[in-house]
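Source file: model23.txt (compact mmCIF, C-alpha atoms)
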```txt
# COMPACT_ATOMS: atom_id res chain seq x y z
CA MET C 15 -6.19 -6.10 20.76
CA TYR C 16 -8.89 -5.50 18.16
CA TYR C 17 -8.46 -5.58 14.39
CA LEU C 18 -11.05 -4.30 11.94
CA ALA C 19 -11.68 -5.80 8.51
CA ILE C 20 -13.73 -3.66 6.12
CA ASP C 21 -14.92 -6.10 3.51
CA ILE C 22 -16.78 -4.42 0.65
CA GLY C 23 -18.43 -6.57 -1.99
CA ALA C 24 -20.39 -5.67 -5.09
CA SER C 25 -23.70 -6.02 -3.22
CA SER C 26 -22.90 -5.14 0.41
CA GLY C 27 -20.15 -3.97 2.72
CA ARG C 28 -19.36 -4.95 6.29
CA HIS C 29 -17.12 -3.88 9.15
CA ILE C 30 -15.94 -6.97 11.06
CA ALA C 31 -14.12 -6.52 14.35
CA ALA C 32 -11.89 -9.34 15.55
CA TRP C 33 -9.79 -10.28 18.53
CA ARG C 34 -7.88 -13.36 19.66
CA ASN C 35 -8.53 -15.27 22.88
CA GLU C 36 -7.89 -18.79 24.18
CA ASN C 37 -10.43 -20.12 21.65
CA GLY C 38 -8.72 -18.49 18.66
CA ILE C 39 -9.92 -15.60 16.48
CA GLN C 40 -13.32 -14.21 17.44
CA MET C 41 -15.26 -11.99 15.01
CA LYS C 42 -18.22 -9.64 15.35
CA GLU C 43 -20.06 -7.72 12.65
CA VAL C 44 -20.20 -4.10 13.78
CA TYR C 45 -21.71 -2.43 10.71
CA ARG C 46 -23.26 -3.41 7.39
CA PHE C 47 -24.39 -1.39 4.40
CA ARG C 48 -25.98 -2.06 1.04
CA ASN C 49 -23.76 -1.54 -1.98
CA LEU C 50 -25.09 -1.46 -5.52
CA PRO C 51 -24.01 0.60 -8.52
CA ASP C 52 -26.08 3.59 -9.62
CA GLU C 53 -27.24 4.26 -13.17
CA ASN C 54 -26.31 7.64 -14.61
CA ASP C 55 -27.03 8.54 -18.25
CA GLY C 56 -27.17 4.87 -19.14
CA ARG C 57 -23.86 4.12 -17.40
CA LEU C 58 -23.24 2.10 -14.23
CA ILE C 59 -21.19 3.98 -11.65
CA TRP C 60 -20.12 3.72 -8.02
CA ASP C 61 -20.92 6.62 -5.72
CA ILE C 62 -17.44 7.08 -4.28
CA ASP C 63 -18.62 9.73 -1.81
CA ARG C 64 -21.19 7.31 -0.40
CA LEU C 65 -18.56 4.56 -0.10
CA GLN C 66 -16.27 6.94 1.79
CA ASP C 67 -19.14 7.89 4.09
CA GLU C 68 -20.02 4.25 4.76
CA VAL C 69 -16.41 3.47 5.69
CA ILE C 70 -16.53 6.32 8.22
CA ASN C 71 -19.99 5.28 9.48
CA GLY C 72 -18.61 1.83 10.27
CA LEU C 73 -15.64 3.29 12.13
CA LYS C 74 -18.04 5.41 14.19
CA ALA C 75 -20.10 2.28 14.90
CA CYS C 76 -16.95 0.68 16.36
CA ARG C 77 -16.54 3.56 18.78
CA GLU C 78 -20.21 3.33 19.75
CA ALA C 79 -19.77 -0.40 20.39
CA GLY C 80 -16.82 0.29 22.67
CA ILE C 81 -14.34 -1.20 20.18
CA THR C 82 -11.10 0.64 19.42
CA PRO C 83 -9.27 -1.22 16.65
CA HIS C 84 -5.49 -1.30 16.67
CA SER C 85 -5.57 -1.40 12.88
CA VAL C 86 -7.99 -1.44 9.96
CA GLY C 87 -7.67 -3.15 6.57
CA ILE C 88 -9.92 -2.75 3.54
CA ASP C 89 -10.57 -5.36 0.85
CA THR C 90 -12.92 -5.16 -2.14
CA TRP C 91 -13.49 -6.82 -5.50
CA GLY C 92 -10.84 -6.28 -8.19
CA VAL C 93 -10.54 -4.41 -11.52
CA ASP C 94 -12.31 -1.16 -10.49
CA TYR C 95 -10.26 1.95 -9.79
CA VAL C 96 -10.35 5.68 -9.05
CA LEU C 97 -8.57 8.26 -11.21
CA LEU C 98 -6.97 11.07 -9.19
CA ASP C 99 -6.20 14.64 -10.25
CA LYS C 100 -3.09 16.60 -9.26
CA GLY C 101 -4.68 17.48 -5.92
CA GLY C 102 -5.36 13.84 -5.10
CA LYS C 103 -9.11 14.28 -5.62
CA PRO C 104 -11.15 11.62 -7.45
CA ILE C 105 -12.05 12.33 -11.05
CA LYS C 106 -15.73 11.44 -11.21
CA PRO C 107 -17.57 9.37 -12.06
CA MET C 108 -16.02 6.16 -10.85
CA TYR C 109 -17.36 3.51 -13.20
CA CYS C 110 -18.61 0.05 -12.23
CA TYR C 111 -17.08 -2.98 -13.93
CA ARG C 112 -20.55 -4.13 -14.97
CA ASP C 113 -20.85 -1.09 -17.23
CA LYS C 114 -20.48 -1.85 -20.93
CA ARG C 115 -17.54 0.50 -21.49
CA GLY C 116 -14.84 -2.16 -21.14
CA GLY C 117 -16.45 -4.24 -23.85
CA GLU C 118 -16.56 -1.18 -26.08
CA ALA C 119 -12.78 -0.77 -25.78
CA ALA C 120 -11.61 -4.40 -25.80
CA GLU C 121 -11.56 -4.76 -29.59
CA ALA C 122 -9.47 -1.60 -29.96
CA VAL C 123 -6.98 -2.88 -27.36
CA HIS C 124 -6.63 -6.23 -29.14
CA LYS C 125 -5.85 -4.46 -32.42
CA ILE C 126 -2.81 -2.96 -30.70
CA ILE C 127 -1.88 -5.96 -28.55
CA PRO C 128 -3.43 -9.32 -29.48
CA PHE C 129 -5.07 -11.01 -26.51
CA GLU C 130 -2.61 -13.89 -26.83
CA LYS C 131 0.24 -11.47 -26.09
CA LEU C 132 -1.63 -9.88 -23.18
CA TYR C 133 -2.27 -13.30 -21.68
CA GLU C 134 1.30 -14.46 -22.18
CA THR C 135 2.52 -11.43 -20.19
CA ALA C 136 -0.19 -10.66 -17.62
CA GLY C 137 -1.83 -14.09 -17.43
CA ILE C 138 -5.31 -12.67 -16.86
CA GLN C 139 -8.38 -14.33 -18.36
CA PHE C 140 -10.42 -12.36 -20.86
CA GLN C 141 -13.25 -10.48 -19.24
CA SER C 142 -14.64 -7.43 -20.98
CA PHE C 143 -14.45 -5.46 -17.71
CA ASN C 144 -10.73 -6.00 -17.04
CA THR C 145 -9.00 -2.81 -15.93
CA VAL C 146 -6.87 -2.67 -19.08
CA TYR C 147 -10.01 -2.26 -21.21
CA GLN C 148 -11.72 0.17 -18.83
CA LEU C 149 -8.58 2.32 -18.71
CA TYR C 150 -8.30 2.34 -22.49
CA TRP C 151 -11.90 3.56 -22.72
CA ASP C 152 -10.90 6.36 -20.33
CA LYS C 153 -8.02 7.21 -22.67
CA LEU C 154 -10.33 7.34 -25.71
CA GLN C 155 -12.68 9.64 -23.79
CA GLY C 156 -9.84 11.97 -22.74
CA ARG C 157 -10.32 11.16 -19.06
CA LEU C 158 -6.62 10.42 -18.54
CA GLU C 159 -5.47 13.90 -19.57
CA ASP C 160 -6.14 15.36 -16.12
CA ALA C 161 -5.29 12.17 -14.22
CA GLU C 162 -2.10 12.35 -12.20
CA ASP C 163 -2.52 8.97 -10.55
CA PHE C 164 -4.89 6.04 -10.15
CA LEU C 165 -5.62 3.69 -7.28
CA MET C 166 -7.61 0.49 -7.14
CA LEU C 167 -10.73 0.95 -5.01
CA PRO C 168 -9.41 -0.45 -1.68
CA GLU C 169 -6.15 1.42 -2.20
CA TYR C 170 -8.11 4.63 -2.72
CA LEU C 171 -10.28 4.14 0.38
CA SER C 172 -7.13 3.44 2.42
CA PHE C 173 -5.58 6.62 0.99
CA TYR C 174 -8.74 8.49 1.97
CA LEU C 175 -8.27 7.32 5.56
CA CYS C 176 -4.55 7.97 6.01
CA GLY C 177 -3.36 10.17 3.14
CA LYS C 178 -0.73 7.66 1.97
CA LYS C 179 -0.77 5.99 -1.46
CA ALA C 180 0.42 2.55 -2.46
CA HIS C 181 -0.53 -0.09 -5.00
CA GLU C 182 -1.06 -3.54 -3.46
CA TYR C 183 -0.03 -6.65 -5.38
CA THR C 184 -3.13 -8.86 -5.21
CA ASN C 185 -5.47 -6.17 -6.50
CA ALA C 186 -2.98 -4.78 -9.02
CA SER C 187 -2.70 -8.28 -10.47
CA THR C 188 -6.34 -8.12 -11.63
CA THR C 189 -5.66 -5.16 -13.95
CA GLY C 190 -4.12 -7.05 -16.86
CA LEU C 191 -1.26 -4.51 -16.69
CA LEU C 192 1.03 -6.41 -14.33
CA ASN C 193 3.79 -8.73 -15.49
CA ALA C 194 2.75 -12.04 -13.93
CA GLU C 195 6.32 -13.32 -13.56
CA GLU C 196 7.97 -10.11 -12.40
CA LYS C 197 5.03 -8.84 -10.28
CA THR C 198 5.71 -5.31 -11.56
CA TRP C 199 3.86 -3.02 -13.97
CA ASP C 200 4.55 -4.15 -17.51
CA MET C 201 5.75 -0.98 -19.22
CA GLU C 202 5.69 -2.64 -22.65
CA ILE C 203 1.90 -3.04 -22.43
CA ILE C 204 1.46 0.37 -20.80
CA THR C 205 3.53 2.16 -23.47
CA ALA C 206 1.92 0.31 -26.38
CA LEU C 207 -1.54 1.38 -25.22
CA GLY C 208 -0.44 4.97 -24.71
CA PHE C 209 -1.21 5.13 -21.01
CA PRO C 210 0.58 7.97 -19.14
CA GLU C 211 3.61 6.55 -17.35
CA ARG C 212 2.91 8.91 -14.43
CA LEU C 213 0.02 6.63 -13.45
CA PHE C 214 2.48 3.81 -12.79
CA LYS C 215 5.16 5.57 -10.76
CA SER C 216 5.40 2.90 -8.06
CA ASN C 217 5.29 -0.86 -8.31
CA PRO C 218 2.88 -2.80 -6.06
CA VAL C 219 3.81 -3.71 -2.49
CA GLN C 220 3.37 -7.21 -1.10
CA PRO C 221 0.73 -7.76 1.59
CA PRO C 222 0.49 -7.17 4.44
CA TYR C 223 1.83 -3.63 4.29
CA ALA C 224 1.61 -0.92 6.96
CA LEU C 225 0.43 2.19 5.12
CA GLY C 226 0.03 4.84 7.82
CA ARG C 227 -2.14 6.25 10.62
CA LEU C 228 -5.61 7.73 10.30
CA LYS C 229 -5.47 11.40 9.26
CA PRO C 230 -6.23 13.74 12.19
CA GLU C 231 -9.52 14.87 10.65
CA ILE C 232 -10.61 11.24 10.15
CA ALA C 233 -9.54 10.28 13.68
CA GLU C 234 -11.56 13.20 15.03
CA LYS C 235 -14.67 12.02 13.17
CA CYS C 236 -14.25 8.46 14.41
CA GLY C 237 -13.22 9.20 17.97
CA PHE C 238 -9.99 7.17 17.83
CA CYS C 239 -6.81 6.71 15.83
CA CYS C 240 -5.39 3.47 14.44
CA ASP C 241 -3.04 2.05 11.82
CA VAL C 242 -4.18 1.53 8.23
CA ILE C 243 -2.91 -1.75 6.82
CA LEU C 244 -3.05 -3.04 3.26
CA PRO C 245 -3.99 -6.71 3.69
CA ALA C 246 -4.57 -8.73 0.53
CA THR C 247 -6.88 -6.00 -0.74
CA HIS C 248 -8.47 -8.23 -3.35
CA ASP C 249 -11.25 -9.98 -1.47
CA THR C 250 -10.56 -13.39 -3.01
CA ALA C 251 -6.89 -13.20 -2.07
CA SER C 252 -7.87 -12.51 1.54
CA ALA C 253 -10.34 -15.40 1.43
CA ILE C 254 -7.70 -17.80 0.12
CA ALA C 255 -5.35 -16.68 2.91
CA SER C 256 -7.90 -18.16 5.34
CA LEU C 257 -8.23 -21.62 3.73
CA PRO C 258 -8.01 -24.56 6.16
CA GLN C 259 -6.21 -26.70 3.55
CA LYS C 260 -4.25 -26.48 0.31
CA GLY C 261 -5.64 -27.73 -2.98
CA ALA C 262 -8.66 -26.87 -5.10
CA TYR C 263 -11.04 -24.22 -3.81
CA ILE C 264 -14.05 -22.08 -4.56
CA SER C 265 -14.27 -18.64 -3.01
CA SER C 266 -18.04 -18.46 -3.21
CA GLY C 267 -19.93 -15.18 -3.17
CA THR C 268 -21.18 -12.77 -5.81
CA TRP C 269 -18.54 -14.42 -7.98
CA SER C 270 -17.36 -18.00 -7.70
CA LEU C 271 -13.57 -18.06 -7.96
CA PHE C 272 -12.53 -21.62 -8.76
CA GLY C 273 -8.87 -22.57 -8.64
CA THR C 274 -5.76 -23.55 -6.72
CA GLU C 275 -2.52 -21.92 -5.58
CA THR C 276 0.65 -22.33 -7.62
CA GLU C 277 4.23 -21.16 -7.17
CA ARG C 278 4.49 -19.62 -10.64
CA PRO C 279 1.99 -18.34 -13.21
CA ILE C 280 0.67 -20.75 -15.84
CA THR C 281 0.27 -18.90 -19.15
CA SER C 282 0.08 -21.84 -21.53
CA LYS C 283 -2.23 -21.94 -24.54
CA GLU C 284 -4.35 -24.50 -22.67
CA ALA C 285 -4.75 -22.13 -19.71
CA MET C 286 -5.64 -19.25 -22.05
CA LYS C 287 -8.18 -21.34 -23.97
CA ALA C 288 -9.82 -22.44 -20.70
CA ASN C 289 -9.89 -18.76 -19.62
CA PHE C 290 -7.99 -19.17 -16.35
CA SER C 291 -6.36 -16.24 -14.56
CA ASN C 292 -3.06 -15.89 -12.74
CA GLU C 293 -3.86 -13.46 -9.94
CA GLY C 294 -1.68 -12.46 -7.04
CA GLY C 295 -1.94 -14.33 -3.76
CA VAL C 296 -0.11 -14.09 -0.46
CA GLY C 297 3.19 -15.72 -1.40
CA SER C 298 1.57 -17.55 -4.28
CA ILE C 299 -0.24 -17.27 -7.60
CA ARG C 300 -3.99 -17.81 -7.49
CA PHE C 301 -4.58 -19.85 -10.65
CA LEU C 302 -8.32 -19.56 -11.01
CA LYS C 303 -11.35 -19.06 -13.17
CA ASN C 304 -14.08 -16.48 -12.58
CA ILE C 305 -17.58 -17.96 -12.68
CA MET C 306 -20.61 -15.66 -12.37
CA GLY C 307 -21.56 -17.13 -8.99
CA LEU C 308 -24.34 -16.13 -6.62
CA TRP C 309 -24.83 -12.83 -8.45
CA LEU C 310 -27.63 -14.57 -10.35
CA ILE C 311 -29.38 -15.54 -7.11
CA GLN C 312 -28.90 -11.99 -5.81
CA CYS C 313 -30.51 -10.65 -8.99
CA LEU C 314 -33.39 -13.12 -8.64
CA LYS C 315 -33.93 -12.19 -5.01
CA ARG C 316 -34.11 -8.48 -5.88
CA GLU C 317 -36.42 -9.10 -8.83
CA LEU C 318 -38.76 -10.99 -6.50
CA ASN C 319 -38.86 -7.84 -4.33
CA ASP C 320 -36.77 -9.50 -1.60
CA GLN C 321 -39.79 -11.48 -0.40
CA TYR C 322 -37.58 -14.59 0.03
CA ASP C 323 -34.25 -14.79 1.82
CA PHE C 324 -31.37 -16.81 0.37
CA GLY C 325 -32.05 -19.78 2.62
CA SER C 326 -35.69 -19.95 1.51
CA LEU C 327 -34.72 -19.78 -2.16
CA ALA C 328 -32.30 -22.70 -1.68
CA GLU C 329 -34.95 -24.75 0.15
CA MET C 330 -37.54 -24.07 -2.56
CA ALA C 331 -34.99 -24.94 -5.25
CA GLU C 332 -34.33 -28.32 -3.67
CA LYS C 333 -38.04 -29.09 -3.27
CA GLU C 334 -38.84 -28.09 -6.85
CA ALA C 335 -35.73 -29.59 -8.44
CA GLY C 336 -36.52 -31.26 -11.73
CA PHE C 337 -34.79 -30.72 -15.04
CA ASN C 338 -30.99 -30.86 -15.18
CA TYR C 339 -30.33 -27.29 -16.37
CA ARG C 340 -27.10 -26.21 -18.08
CA LEU C 341 -27.37 -22.46 -18.49
CA ASP C 342 -24.33 -20.47 -19.61
CA VAL C 343 -23.93 -18.69 -16.28
CA ASN C 344 -20.93 -16.75 -17.63
CA GLY C 345 -22.87 -15.46 -20.62
CA ALA C 346 -22.82 -11.71 -21.30
CA ARG C 347 -26.61 -11.62 -20.87
CA TYR C 348 -26.17 -12.18 -17.12
CA LEU C 349 -23.53 -9.52 -16.44
CA ALA C 350 -26.03 -6.72 -15.74
CA PRO C 351 -29.49 -8.08 -16.62
CA LYS C 352 -32.53 -5.81 -16.53
CA SER C 353 -34.53 -8.97 -15.73
CA VAL C 354 -32.64 -12.12 -14.78
CA ILE C 355 -35.92 -14.07 -14.94
CA LYS C 356 -36.45 -13.05 -18.56
CA GLU C 357 -32.84 -13.88 -19.47
CA ILE C 358 -33.08 -17.34 -17.86
CA GLN C 359 -36.38 -18.09 -19.57
CA ASP C 360 -35.13 -16.80 -22.93
CA GLU C 361 -32.02 -19.00 -22.75
CA CYS C 362 -34.17 -21.99 -21.82
CA ARG C 363 -36.37 -21.37 -24.89
CA GLU C 364 -33.30 -21.09 -27.10
CA LYS C 365 -31.93 -24.40 -25.81
CA GLY C 366 -35.24 -26.26 -25.68
CA PHE C 367 -35.19 -26.58 -21.88
CA PRO C 368 -38.38 -26.54 -19.79
CA ILE C 369 -39.23 -22.96 -18.83
CA PRO C 370 -38.74 -22.39 -15.07
CA LYS C 371 -41.49 -20.18 -13.69
CA THR C 372 -41.72 -20.42 -9.91
CA PRO C 373 -39.06 -18.93 -7.60
CA GLY C 374 -37.94 -22.45 -6.67
CA GLU C 375 -37.64 -23.58 -10.29
CA LEU C 376 -35.71 -20.47 -11.24
CA ALA C 377 -33.34 -20.85 -8.28
CA HIS C 378 -32.84 -24.54 -9.11
CA ALA C 379 -31.96 -23.64 -12.72
CA ILE C 380 -29.26 -21.28 -11.41
CA TYR C 381 -27.83 -23.68 -8.82
CA GLN C 382 -27.80 -26.66 -11.18
CA SER C 383 -26.07 -24.60 -13.87
CA LEU C 384 -23.47 -23.37 -11.38
CA ALA C 385 -22.66 -26.94 -10.37
CA HIS C 386 -22.09 -27.86 -14.02
CA ALA C 387 -19.86 -24.80 -14.48
CA TYR C 388 -17.85 -25.91 -11.42
CA LYS C 389 -17.45 -29.39 -12.90
CA THR C 390 -16.12 -27.97 -16.16
CA ALA C 391 -13.65 -25.75 -14.28
CA PHE C 392 -12.61 -28.66 -12.03
CA ASP C 393 -11.75 -30.87 -15.02
CA GLU C 394 -9.88 -28.03 -16.71
CA LEU C 395 -7.93 -27.29 -13.52
CA GLU C 396 -6.79 -30.91 -13.17
CA ASN C 397 -5.83 -31.17 -16.85
CA ILE C 398 -3.87 -27.91 -16.93
CA THR C 399 -2.02 -28.31 -13.62
CA GLY C 400 -1.51 -32.07 -13.94
CA GLN C 401 -2.79 -32.50 -10.38
CA LYS C 402 -5.62 -34.66 -9.06
CA PHE C 403 -7.72 -33.12 -6.33
CA GLY C 404 -9.52 -35.46 -3.95
CA SER C 405 -11.43 -32.66 -2.28
CA LEU C 406 -12.69 -29.14 -2.87
CA CYS C 407 -12.69 -26.43 -0.20
CA ILE C 408 -15.53 -23.91 -0.36
CA VAL C 409 -14.98 -20.66 1.51
CA GLY C 410 -17.08 -17.51 1.77
CA GLY C 411 -20.78 -16.84 2.16
CA GLY C 412 -21.70 -19.41 -0.48
CA SER C 413 -20.33 -22.19 1.74
CA ASN C 414 -23.58 -21.85 3.73
CA ASN C 415 -25.65 -22.97 0.72
CA LEU C 416 -26.16 -26.64 1.50
CA TYR C 417 -28.17 -27.31 -1.67
CA LEU C 418 -25.51 -25.88 -3.97
CA ASN C 419 -22.83 -27.76 -2.00
CA LYS C 420 -24.78 -31.00 -2.52
CA LEU C 421 -25.11 -30.39 -6.27
CA THR C 422 -21.41 -29.52 -6.48
CA GLU C 423 -20.30 -32.64 -4.62
CA LYS C 424 -22.42 -34.79 -6.93
CA ALA C 425 -21.17 -33.06 -10.09
CA LEU C 426 -17.48 -33.19 -9.16
CA GLY C 427 -17.48 -36.58 -7.45
CA CYS C 428 -15.13 -35.44 -4.70
CA LYS C 429 -15.35 -34.52 -1.03
CA ILE C 430 -16.50 -31.00 -0.14
CA VAL C 431 -14.62 -29.33 2.73
CA LEU C 432 -16.13 -26.15 4.16
CA GLY C 433 -13.97 -23.19 5.07
CA SER C 434 -15.16 -20.14 6.97
CA PRO C 435 -18.27 -18.34 5.66
CA GLU C 436 -16.37 -15.23 6.79
CA GLY C 437 -13.24 -16.31 4.96
CA THR C 438 -12.51 -12.92 3.39
CA ALA C 439 -12.76 -11.05 6.69
CA LEU C 440 -10.78 -13.80 8.45
CA GLY C 441 -7.95 -13.66 5.91
CA ASN C 442 -7.93 -9.86 6.13
CA ILE C 443 -7.65 -10.08 9.93
CA LEU C 444 -4.92 -12.75 9.88
CA LEU C 445 -2.83 -10.58 7.57
CA GLN C 446 -3.27 -7.51 9.77
CA GLU C 447 -2.23 -9.57 12.78
CA LYS C 448 0.87 -10.71 10.91
CA ILE C 449 2.17 -7.11 10.83
CA TYR C 450 2.42 -7.10 14.64
CA THR C 451 3.72 -10.65 15.12
CA LYS C 452 6.62 -10.68 12.63
```
Represent the structure from my file as structure tokens, please.
Amino acid sequence: MYYLAIDIGASSGRHIAAWRNENGIQMKEVYRFRNLPDENDGRLIWDIDRLQDEVINGLKACREAGITPHSVGIDTWGVDYVLLDKGGKPIKPMYCYRDKRGGEAAEAVHKIIPFEKLYETAGIQFQSFNTVYQLYWDKLQGRLEDAEDFLMLPEYLSFYLCGKKAHEYTNASTTGLLNAEEKTWDMEIITALGFPERLFKSNPVQPPYALGRLKPEIAEKCGFCCDVILPATHDTASAIASLPQKGAYISSGTWSLFGTETERPITSKEAMKANFSNEGGVGSIRFLKNIMGLWLIQCLKRELNDQYDFGSLAEMAEKEAGFNYRLDVNGARYLAPKSVIKEIQDECREKGFPIPKTPGELAHAIYQSLAHAYKTAFDELENITGQKFGSLCIVGGGSNNLYLNKLTEKALGCKIVLGSPEGTALGNILLQEKIYTK
């Protein structure tokens, strides 16, 4: 029996087929596509039509490879969503979280509901791109007037495949609109901000959840029919579902999600001050902190015209390692930089650091700064939870970066345990499988 995980990140998307044999779960990449936001009139947007087409292209690639999946599950990053009109059609454009619109609305939101109150209820760290701020910008622009519904991105793509709608808990938890304790939409926040209640008709379902079958017209395009499952549709939640051990972790990719699993949300003043989030997990709360992650290396790679692969950049960084850089990797300047090289060099000038110039020096500055950010988060995590962690599990594509792992182990002073580089796809698959083995 085959399962298909469609794992879409903020830089690429992949279709991973999986099956189980005597050696355990086996996985094969069937299709991959590039995924970057487009710029339109100074705004960053996602081309939702292209994303739909790429999902279908990957399903066709399965057929061509002789693979007929029993089910398919989609996971993506959090916070971004699609507004739907009365006919269930997307209201375009679909904005990218890296667009500045959330920051433009955050101050207005906090005048109505102070951030302290938002955090106490939803438990989500302040990030200018949180769904609550994006949605309020939509309200100010009148975009909600024709909206009958909204779905988070993986929920929308699943709806596109099977025609059934549902909100899924792990992704809904990233909105800042969910009551962290009750795991339901918080109508007090929603009403105070003047959001239409019709957008929140149904509370989120717990993963995994069987949504429906491919629509006939989609099945005809793909050459087969299968079930559509909502796994943990937030990519980090799927990754954490694949961890080989409990304890502290980093889900390392475009973002570095640093945290641990807890039974209940932690919404203390200390947690708020440290900017930790309480996001939904599979039977748990993912108490974590978002750190900018390998986005900076991805930006550097693109700015260098992709003449170096990630492995080469890491090797050059280690060879040219020198100064002990402490850049503010979570600074607003790095969210959507026109030139990451210029931003790094400008921050170094401001702080009196040596100016990195070569690709290796620039990569080292990023990696060293990430390791320091991990150390800060590690200390905060131990202080807030009252736990001591003797090891740190790194899962996701970033687990392949031996240089960053070495810097992290040195900074934290604890053992590094490596999870699967394909942790998100693996967790997605394990949750799909769970539907059929209950």
Using all atoms listed in the file: which of C:Gly87, C:Gly38, C:Gly295, C:Gly366 has the shortest distance to Pro168 (chain C):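 Selected residue with least distance to Pro168 (chain C): C:Gly87.
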Test item: which residues lie within 10 Å of (-18.1, -3.2, 15.3) counting all atoms listed in the file, as a ChimeraX atom specification: /C:16-19,28-32,41-46,72-83
Two-atom distance - CA of Tyr381 (chain C), CA of Leu418 (chain C) (Å): 5.8 Å
Straight-line distance linking CA of Ala350 (chain C) with CA of Ser383 (chain C), stated in Å to one decimal: 18.0 Å
Within-7 Å shell of (-11.4, -14.8, 1.2) in input frame, all atoms listed in the file, as a VMD selection string: chain C and resid 249 to 256 265 409 to 410 437 to 439 441
Straight-line distance linking CA of Tyr111 (chain C) with CA of Asp94 (chain C), stated in Å to one decimal: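 Separating CA of Tyr111 (chain C) from CA of Asp94 (chain C) is a distance of 6.2 Å.
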